[in-house]
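Listing of start-v3.txt; format and content: compact mmCIF, C-alpha atoms.
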```txt
# COMPACT_ATOMS: atom_id res chain seq x y z
CA MET A 1 -115.70 164.55 -115.88
CA ARG A 2 -112.11 164.02 -117.09
CA THR A 3 -111.07 167.01 -114.98
CA ALA A 4 -112.48 165.39 -111.83
CA ALA A 5 -110.68 162.13 -112.64
CA ARG A 6 -107.33 163.88 -113.14
CA THR A 7 -107.88 165.73 -109.86
CA GLY A 8 -108.49 162.40 -108.06
CA LEU A 9 -105.36 160.78 -109.55
CA VAL A 10 -103.24 163.75 -108.47
CA ALA A 11 -104.60 163.46 -104.94
CA VAL A 12 -103.83 159.73 -104.77
CA ALA A 13 -100.27 160.27 -106.08
CA THR A 14 -99.71 163.04 -103.56
CA ALA A 15 -100.88 160.77 -100.73
CA LEU A 16 -98.53 157.97 -101.84
CA VAL A 17 -95.53 160.31 -102.00
CA GLY A 18 -96.32 161.60 -98.50
CA ALA A 19 -96.60 158.08 -97.14
CA VAL A 20 -93.22 157.12 -98.57
CA ALA A 21 -91.58 160.27 -97.20
CA ALA A 22 -93.02 159.63 -93.76
CA ALA A 23 -91.86 155.97 -93.57
CA PRO A 24 -88.74 155.18 -91.35
CA ALA A 25 -85.35 154.98 -93.01
CA GLY A 26 -84.96 151.29 -92.06
CA ALA A 27 -88.30 150.51 -93.65
CA ARG A 28 -87.30 152.34 -96.86
CA THR A 29 -83.94 150.46 -97.13
CA ALA A 30 -84.94 147.05 -95.81
CA ALA A 31 -83.35 144.15 -97.69
CA PRO A 32 -84.88 140.73 -98.31
CA ALA A 33 -84.24 138.09 -95.67
CA ASP A 34 -81.87 136.08 -97.85
CA ALA A 35 -79.89 139.22 -98.67
CA ARG A 36 -79.47 139.98 -94.96
CA THR A 37 -78.20 136.46 -94.35
CA ALA A 38 -75.61 136.84 -97.04
CA VAL A 39 -74.40 140.09 -95.53
CA SER A 40 -74.06 138.47 -92.09
CA ALA A 41 -72.06 135.56 -93.51
CA ASP A 42 -69.72 137.94 -95.33
CA ALA A 43 -69.20 139.96 -92.16
CA GLY A 44 -68.39 136.79 -90.22
CA ALA A 45 -65.84 135.77 -92.83
CA ALA A 46 -64.16 139.16 -92.58
CA ALA A 47 -64.08 139.17 -88.75
CA PRO A 48 -60.86 138.24 -86.92
CA ALA A 49 -60.36 134.63 -85.82
CA HIS A 50 -60.59 135.42 -82.11
CA ALA A 51 -63.93 137.16 -82.70
CA ARG A 52 -65.34 134.11 -84.48
CA THR A 53 -64.15 131.58 -81.84
CA ALA A 54 -65.67 132.79 -78.60
CA ALA A 55 -64.76 130.82 -75.40
CA PRO A 56 -67.13 127.93 -74.65
CA ALA A 57 -69.67 128.45 -71.95
CA ASP A 58 -68.16 125.72 -69.73
CA ALA A 59 -64.59 127.15 -69.74
CA PRO A 60 -63.23 127.36 -66.12
CA PRO A 61 -62.78 130.83 -64.70
CA ALA A 62 -59.23 132.18 -64.44
CA SER A 63 -59.92 134.76 -61.76
CA TRP A 64 -60.57 132.50 -58.78
CA THR A 65 -58.69 133.35 -55.58
CA ALA A 66 -57.35 131.62 -52.48
CA ALA A 67 -56.43 133.62 -49.37
CA PRO A 68 -56.56 133.43 -45.58
CA ALA A 69 -59.96 134.22 -44.15
CA ALA A 70 -60.78 137.80 -43.19
CA GLY A 71 -58.60 139.21 -45.98
CA ARG A 72 -55.28 138.72 -44.22
CA PRO A 73 -52.10 138.79 -46.36
CA TYR A 74 -50.83 135.50 -44.85
CA ALA A 75 -51.88 132.84 -42.34
CA TYR A 76 -50.35 133.37 -38.90
CA LEU A 77 -50.45 130.71 -36.18
CA GLU A 78 -48.86 130.69 -32.74
CA GLY A 79 -48.64 128.04 -30.04
CA PRO A 80 -46.32 125.74 -28.07
CA ALA A 81 -44.69 122.57 -29.32
CA GLY A 82 -47.02 119.58 -29.24
CA SER A 83 -50.16 121.59 -30.08
CA VAL A 84 -52.57 121.67 -33.04
CA LEU A 85 -53.27 125.14 -34.46
CA GLN A 86 -56.25 125.92 -36.72
CA ASP A 87 -57.06 128.50 -39.37
CA THR A 88 -59.33 128.91 -42.42
CA LEU A 89 -58.63 129.29 -46.14
CA SER A 90 -61.15 131.20 -48.31
CA LEU A 91 -61.70 130.04 -51.91
CA THR A 92 -63.65 132.43 -54.15
CA ASN A 93 -65.15 131.36 -57.49
CA PRO A 94 -66.51 134.37 -59.46
CA GLY A 95 -67.19 132.26 -62.57
CA ALA A 96 -70.45 130.97 -63.95
CA ARG A 97 -69.66 127.27 -63.36
CA PRO A 98 -68.45 125.20 -60.37
CA LEU A 99 -64.71 125.09 -59.70
CA THR A 100 -62.80 122.11 -58.24
CA VAL A 101 -59.79 123.11 -56.11
CA ARG A 102 -57.11 120.75 -54.75
CA LEU A 103 -55.31 121.72 -51.54
CA SER A 104 -51.89 120.74 -50.18
CA GLY A 105 -49.26 121.97 -47.74
CA GLN A 106 -45.50 122.38 -47.94
CA GLY A 107 -42.88 123.04 -45.27
CA ALA A 108 -45.29 122.32 -42.40
CA PRO A 109 -47.56 119.40 -41.37
CA VAL A 110 -50.83 120.84 -42.73
CA SER A 111 -54.11 118.90 -42.79
CA PHE A 112 -57.36 120.10 -44.41
CA ALA A 113 -61.02 119.41 -43.72
CA ALA A 114 -61.07 118.25 -47.37
CA ARG A 115 -58.20 117.93 -49.83
CA THR A 116 -60.50 118.50 -52.82
CA VAL A 117 -63.21 121.19 -52.67
CA THR A 118 -65.81 122.04 -55.32
CA VAL A 119 -66.80 125.70 -55.09
CA PRO A 120 -70.18 126.57 -56.70
CA ALA A 121 -70.46 129.42 -59.21
CA ARG A 122 -70.24 132.93 -57.77
CA THR A 123 -69.59 131.53 -54.31
CA ARG A 124 -66.93 131.64 -51.60
CA ALA A 125 -66.03 128.50 -49.67
CA ASP A 126 -64.17 128.63 -46.34
CA VAL A 127 -62.07 125.51 -45.75
CA PRO A 128 -60.68 124.88 -42.24
CA PHE A 129 -57.13 123.57 -41.95
CA ALA A 130 -54.84 122.64 -39.06
CA VAL A 131 -51.08 122.68 -38.46
CA THR A 132 -49.66 120.08 -36.07
CA VAL A 133 -46.70 121.42 -34.11
CA THR A 134 -44.70 118.32 -33.21
CA ALA A 135 -43.15 117.96 -29.78
CA ASP A 136 -39.63 118.31 -31.16
CA THR A 137 -40.34 121.59 -32.98
CA PRO A 138 -37.94 124.21 -31.60
CA PRO A 139 -39.26 127.57 -30.39
CA GLY A 140 -39.08 130.46 -32.84
CA GLU A 141 -40.32 131.42 -36.29
CA HIS A 142 -41.11 128.77 -38.92
CA ARG A 143 -42.43 129.08 -42.47
CA GLY A 144 -44.66 126.96 -44.68
CA THR A 145 -47.00 127.22 -47.64
CA VAL A 146 -50.61 126.32 -48.35
CA ARG A 147 -51.16 125.58 -52.05
CA ALA A 148 -54.44 125.65 -53.99
CA SER A 149 -54.57 124.27 -57.56
CA ALA A 150 -57.42 124.60 -60.06
CA ALA A 151 -58.11 125.48 -63.70
CA GLY A 152 -54.49 125.01 -64.70
CA ARG A 153 -52.93 127.38 -62.20
CA GLN A 154 -51.71 127.37 -58.60
CA VAL A 155 -52.05 129.90 -55.80
CA ARG A 156 -49.64 129.87 -52.85
CA VAL A 157 -50.60 131.23 -49.45
CA ASP A 158 -47.78 132.08 -47.05
CA LEU A 159 -47.96 130.28 -43.70
CA ARG A 160 -46.10 131.74 -40.74
CA LEU A 161 -45.81 129.74 -37.54
CA ARG A 162 -44.46 130.93 -34.21
CA VAL A 163 -43.68 128.24 -31.67
CA SER A 164 -43.56 129.54 -28.11
CA GLY A 165 -41.47 128.18 -25.25
CA PRO A 166 -38.02 128.61 -23.70
CA ARG A 167 -34.95 128.30 -25.91
CA LEU A 168 -32.45 125.80 -24.51
CA ALA A 169 -29.25 124.69 -26.22
CA ALA A 170 -27.86 121.39 -24.91
CA LEU A 171 -25.55 118.88 -26.63
CA THR A 172 -24.02 115.57 -25.50
CA VAL A 173 -21.45 113.12 -26.90
CA GLU A 174 -22.19 109.45 -26.27
CA ASP A 175 -21.11 105.92 -27.18
CA VAL A 176 -17.50 106.71 -28.07
CA HIS A 177 -15.65 103.70 -29.49
CA VAL A 178 -12.16 103.32 -30.95
CA ASP A 179 -11.58 100.74 -33.68
CA THR A 180 -8.06 99.55 -32.93
CA ALA A 181 -7.76 97.84 -36.31
CA THR A 182 -8.32 101.02 -38.35
CA GLY A 183 -8.10 103.81 -35.77
CA ALA A 184 -11.62 105.04 -36.66
CA LEU A 185 -13.48 106.87 -33.89
CA ARG A 186 -17.23 106.25 -33.71
CA TYR A 187 -19.46 108.45 -31.57
CA THR A 188 -23.04 109.75 -31.25
CA LEU A 189 -24.15 113.38 -30.89
CA VAL A 190 -27.49 114.05 -29.21
CA ASN A 191 -29.41 117.34 -29.15
CA ARG A 192 -30.89 117.51 -25.64
CA GLY A 193 -32.25 121.05 -25.98
CA THR A 194 -35.08 122.86 -27.75
CA THR A 195 -33.12 124.66 -30.48
CA VAL A 196 -31.47 123.53 -33.69
CA LEU A 197 -27.74 123.03 -33.22
CA ALA A 198 -24.77 123.15 -35.61
CA PRO A 199 -22.08 121.22 -33.69
CA HIS A 200 -18.28 121.51 -33.81
CA LEU A 201 -15.94 118.68 -32.80
CA ALA A 202 -12.38 118.58 -31.38
CA VAL A 203 -10.40 115.34 -30.92
CA ARG A 204 -7.36 114.68 -28.75
CA ALA A 205 -5.57 111.41 -27.90
CA GLU A 206 -2.89 110.93 -25.24
CA GLY A 207 -0.53 107.96 -25.31
CA VAL A 208 2.07 106.62 -22.91
CA LEU A 209 4.74 108.93 -24.27
CA GLY A 210 2.54 112.00 -24.88
CA THR A 211 -0.01 113.39 -27.36
CA VAL A 212 -0.55 111.22 -30.45
CA LEU A 213 -3.54 113.07 -31.95
CA ASP A 214 -4.65 116.71 -31.65
CA ARG A 215 -7.41 118.09 -33.91
CA PRO A 216 -8.84 121.50 -33.01
CA GLY A 217 -12.57 122.11 -33.11
CA ARG A 218 -14.10 122.35 -36.59
CA PRO A 219 -17.72 122.51 -37.83
CA LEU A 220 -19.41 119.24 -38.75
CA PRO A 221 -21.53 118.98 -41.93
CA LEU A 222 -24.85 118.50 -40.13
CA THR A 223 -27.48 120.18 -38.00
CA LEU A 224 -29.39 118.55 -35.16
CA LYS A 225 -33.04 119.21 -34.41
CA PRO A 226 -34.26 118.96 -30.81
CA GLY A 227 -34.13 115.33 -29.71
CA GLN A 228 -32.25 114.21 -32.82
CA ARG A 229 -29.31 111.78 -32.62
CA ALA A 230 -26.51 111.43 -35.17
CA THR A 231 -23.92 108.64 -35.16
CA ARG A 232 -20.71 109.57 -36.96
CA THR A 233 -17.24 108.20 -37.63
CA GLU A 234 -14.02 110.21 -37.35
CA ALA A 235 -11.11 108.86 -39.39
CA TRP A 236 -7.68 108.38 -37.80
CA PRO A 237 -5.47 107.26 -40.68
CA ASP A 238 -2.19 106.97 -38.71
CA PRO A 239 -2.93 105.57 -35.24
CA PRO A 240 0.00 104.35 -33.12
CA ALA A 241 1.21 100.84 -33.81
CA LEU A 242 1.93 100.05 -30.18
CA ASP A 243 0.52 102.27 -27.48
CA SER A 244 -2.19 102.63 -24.86
CA VAL A 245 -4.19 105.81 -25.51
CA THR A 246 -7.02 107.84 -24.06
CA VAL A 247 -9.18 109.49 -26.72
CA ARG A 248 -11.16 112.58 -25.74
CA LEU A 249 -13.93 114.08 -27.93
CA THR A 250 -15.27 117.57 -27.21
CA ALA A 251 -18.42 118.82 -28.98
CA THR A 252 -19.56 122.42 -28.89
CA ALA A 253 -22.48 124.41 -30.36
CA GLU A 254 -23.64 128.00 -30.12
CA GLY A 255 -25.31 128.63 -26.78
CA ALA A 256 -24.55 125.13 -25.44
CA ALA A 257 -21.98 124.10 -22.84
CA PRO A 258 -19.09 121.99 -24.19
CA ALA A 259 -19.77 118.24 -24.06
CA THR A 260 -16.89 115.80 -23.53
CA ALA A 261 -16.61 112.03 -23.72
CA ARG A 262 -13.60 109.69 -23.67
CA ALA A 263 -12.60 106.15 -24.52
CA GLU A 264 -9.57 103.96 -23.76
CA ALA A 265 -7.83 101.86 -26.40
CA SER A 266 -4.69 99.76 -26.72
CA PHE A 267 -2.96 99.49 -30.09
CA ALA A 268 -0.72 96.47 -30.76
CA SER A 269 -0.20 95.55 -34.38
CA GLY A 270 1.59 92.35 -35.47
CA PRO A 271 4.75 94.02 -36.82
CA ALA A 272 4.94 96.23 -33.77
CA LEU A 273 4.62 93.25 -31.46
CA ALA A 274 7.26 91.36 -33.44
CA GLY A 275 9.57 94.35 -33.23
CA ALA A 276 8.92 94.76 -29.52
CA ALA A 277 9.55 91.06 -28.95
CA GLY A 278 12.81 91.36 -30.89
CA LEU A 279 13.85 94.27 -28.77
CA LEU A 280 12.98 92.40 -25.61
CA LEU A 281 14.89 89.37 -26.75
CA SER A 282 17.84 91.53 -27.71
CA ALA A 283 17.69 93.26 -24.37
CA ALA A 284 17.41 89.93 -22.58
CA GLY A 285 20.33 88.52 -24.58
CA ALA A 286 22.42 91.57 -23.86
CA GLY A 287 21.58 91.33 -20.18
CA GLY A 288 22.45 87.65 -20.06
CA TYR A 289 25.71 88.25 -21.84
CA ALA A 290 26.60 90.99 -19.36
CA VAL A 291 25.78 88.72 -16.46
CA ARG A 292 27.87 85.90 -17.85
CA ARG A 293 30.74 88.24 -18.54
CA ARG A 294 30.67 89.56 -14.99
CA GLY A 295 30.59 85.98 -13.73
CA ARG A 296 33.66 85.02 -15.73
CA SER A 297 35.45 88.09 -14.45
CA ARG A 298 34.82 87.05 -10.84
CA ILE A 299 36.00 83.52 -11.52
CA GLN A 300 39.18 84.78 -13.11
CA ARG A 301 39.86 87.16 -10.21
CA ALA A 302 39.19 84.54 -7.50
CA PRO A 303 42.09 82.10 -8.39
CA ALA A 304 44.48 84.99 -8.63
CA GLY A 305 43.62 85.98 -5.11
CA VAL A 306 44.10 82.43 -3.79
CA HIS A 307 47.50 82.18 -5.47
CA THR A 308 48.61 85.34 -3.80
```

Can the structure from this file be put into structure tokens for me?
Amino acid sequence: MRTAARTGLVAVATALVGAVAAAPAGARTAAPADARTAVSADAGAAAPAHARTAAPADAPPASWTAAPAAGRPYAYLEGPAGSVLQDTLSLTNPGARPLTVRLSGQGAPVSFAARTVTVPARTRADVPFAVTVTADTPPGEHRGTVRASAAGRQVRVDLRLRVSGPRLAALTVEDVHVDTATGALRYTLVNRGTTVLAPHLAVRAEGVLGTVLDRPGRPLPLTLKPGQRATRTEAWPDPPALDSVTVRLTATAEGAAPATARAEASFASGPALAGAAGLLLSAAGAGGYAVRRRGRSRIQRAPAGVHT
């Protein structure tokens, strides 16, 4: 009987050992729940700071893009002066939350369908914009920029504009006036063409006795857009005190025919007039004295002749 019992105990023990050997390793080394929590907390304390402070879920994406539609490297527009040219800007938001983008233009009159655009998550928004080519825009190449701002950064899109039309350089000088009190010359330059001009100016004044002012052509510190007028003053620090002069202004610019205008002026300052009056009086006195002297000479000669 005892032999049968021992045999049964051995069989049970053998079965238990086999069950333990067959169990998975994780099951054999499993720790209590509170022990696992402690291990996780220790691991978190040992982890680097950037690993413990993950970015919040609502952080704006930093990889959004702004570019001309159809994947072009820049926006290119072409047309004549006085026209409105249109294009499209593509805004791409790859993030998980909506993105608000603000649009503006620089260097060109750009208008947008909307200045502020909210792009949904994982979406591309195409925003139309237009460039107004004013009537005074000269033909040729012009540059500008379309700017998109969002999430603390700005993206610039190059804008290239070609204005068609004939290139005409034409410059005039108008409204010439001479200030006889100071000698200052006031005049107006007008760009009558379709190109930007950098004018030069030459000044010459002729008086009764010859040239009293001669300034060769020199560049002026300004540029004139098509249709633009500029009124300027040319100093003449030492004008004649007493003279009648003709002032001639000649303006030139690259590609344009020389433009000339003139003005007449009479200078007569107080001291000069006083001096001239003195000279006239002296001359008159000298003339009178000569006349009287000649008269006395005749009188003296006449009696002598009678006596003879």

Pick from A:Leu161, A:Val110, A:Leu201, A:Val173, whichever lies nearest to A:Pro128 using only C-alpha atoms: A:Val110

Identify, on the basis of only C-alpha atoms, every residue whose closest approach to A:Gln86 does not exceed 9 Å; exclude the query and any residue fewer than 5 positions from it along the same chain; express the result as an mmCIF file with C-alpha atoms, in the frame of the given file.
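Contents of the output file selection-v7.cif:
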```cif
data_model
loop_
_atom_site.group_PDB
_atom_site.id
_atom_site.type_symbol
_atom_site.label_atom_id
_atom_site.label_comp_id
_atom_site.auth_asym_id
_atom_site.auth_seq_id
_atom_site.Cartn_x
_atom_site.Cartn_y
_atom_site.Cartn_z
ATOM 1 C CA LEU A 77 -50.450 130.710 -36.180
ATOM 2 C CA PRO A 128 -60.680 124.880 -42.240
ATOM 3 C CA PHE A 129 -57.130 123.570 -41.950
ATOM 4 C CA ALA A 130 -54.840 122.640 -39.060
ATOM 5 C CA VAL A 131 -51.080 122.680 -38.460
ATOM 6 C CA THR A 132 -49.660 120.080 -36.070
#
```

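Atom CA of A:Ala125 lies 28.7 Å from atom CA of A:Val163.
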
Give me the residues near A:Arg124 as number ranges by chain, where near means some atom within 7 Å (using all atoms listed in the file) and where sequence neighbours in that chain fewer than 5 positions away do not count. A: 90-93, 119

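Between atom CA of A:Val178 and atom CA of A:Ala241 lies a distance of 13.9 Å.
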
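Here atom CA of A:Thr137 stands at a distance of 11.1 Å from atom CA of A:Arg167.
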
Using all atoms listed in the file and a cutoff of 6 Å, can you tell me which residues are near (-23.4, 122.9, -37.6) in the file's coordinates, and write them out as a VMD selection string? chain A and resid 198 to 199 219 to 220 222 to 223

Looking at all atoms listed in the file, which of A:Pro98, A:Gly107, A:Pro80, A:Gly210 is the one that sits closest to A:Thr123? A:Pro98

Would you kindly return, as a PyMOL selection string, each protein, DNA or RNA residue with an atom no farther than 9 Å from any atom of stretch 212-218 of chain A, considering all atoms listed in the file and excluding same-chain residues fewer than 3 positions away? chain A and resi 199-207+209+236+239-240+245+247+250-252

Just write the chosen residues, C-alpha atoms, as a PDB file, keeping the file's coordinate frame.
```
ATOM      1  CA  PRO A 199     -22.080 121.220 -33.690  1.00  0.00           C
ATOM      2  CA  HIS A 200     -18.280 121.510 -33.810  1.00  0.00           C
ATOM      3  CA  LEU A 201     -15.940 118.680 -32.800  1.00  0.00           C
ATOM      4  CA  ALA A 202     -12.380 118.580 -31.380  1.00  0.00           C
ATOM      5  CA  VAL A 203     -10.400 115.340 -30.920  1.00  0.00           C
ATOM      6  CA  ARG A 204      -7.360 114.680 -28.750  1.00  0.00           C
ATOM      7  CA  ALA A 205      -5.570 111.410 -27.900  1.00  0.00           C
ATOM      8  CA  GLU A 206      -2.890 110.930 -25.240  1.00  0.00           C
ATOM      9  CA  GLY A 207      -0.530 107.960 -25.310  1.00  0.00           C
ATOM     10  CA  LEU A 209       4.740 108.930 -24.270  1.00  0.00           C
ATOM     11  CA  TRP A 236      -7.680 108.380 -37.800  1.00  0.00           C
ATOM     12  CA  PRO A 239      -2.930 105.570 -35.240  1.00  0.00           C
ATOM     13  CA  PRO A 240       0.000 104.350 -33.120  1.00  0.00           C
ATOM     14  CA  VAL A 245      -4.190 105.810 -25.510  1.00  0.00           C
ATOM     15  CA  VAL A 247      -9.180 109.490 -26.720  1.00  0.00           C
ATOM     16  CA  THR A 250     -15.270 117.570 -27.210  1.00  0.00           C
ATOM     17  CA  ALA A 251     -18.420 118.820 -28.980  1.00  0.00           C
ATOM     18  CA  THR A 252     -19.560 122.420 -28.890  1.00  0.00           C
TER      19      THR A 252
END
```

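Minimum distance to A:Leu89 across A:Gly71, A:Pro109, A:Pro221, A:Pro166 (counting only C-alpha atoms) occurs at A:Gly71.
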
Which neighbours of A:Arg229 fall inside 8 Å, counting only C-alpha atoms, when residues of the same chain fewer than 5 positions from it are skipped, and could you give them as a PyMOL selection string? chain A and resi 188-191+224

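Distance check against A:Gly140 using all atoms listed in the file: of A:Thr194, A:Ser111, A:Thr172, A:Gln106, the minimum falls on A:Thr194.
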
A:Pro226: which residues within 10 Å, counting all atoms listed in the file, same-chain residues fewer than 4 positions away excluded, as a ChimeraX atom specification? /A:135-139,168-171,190-197

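Nearest residue to A:Ala70, choosing from A:Leu103, A:Val146, A:His177, A:Asp126 and counting only C-alpha atoms: A:Asp126.
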
Point (-43.3, 128.8, -44.6), cut-off 6 Å, counting all atoms listed in the file, residues as a VMD selection string: chain A and resid 107 143 to 145 159 to 160

Calculated over all atoms listed in the file, which of the candidates A:Thr134, A:Pro258, A:Ala121, A:Ala66 has the smallest distance to A:Lys225? A:Thr134
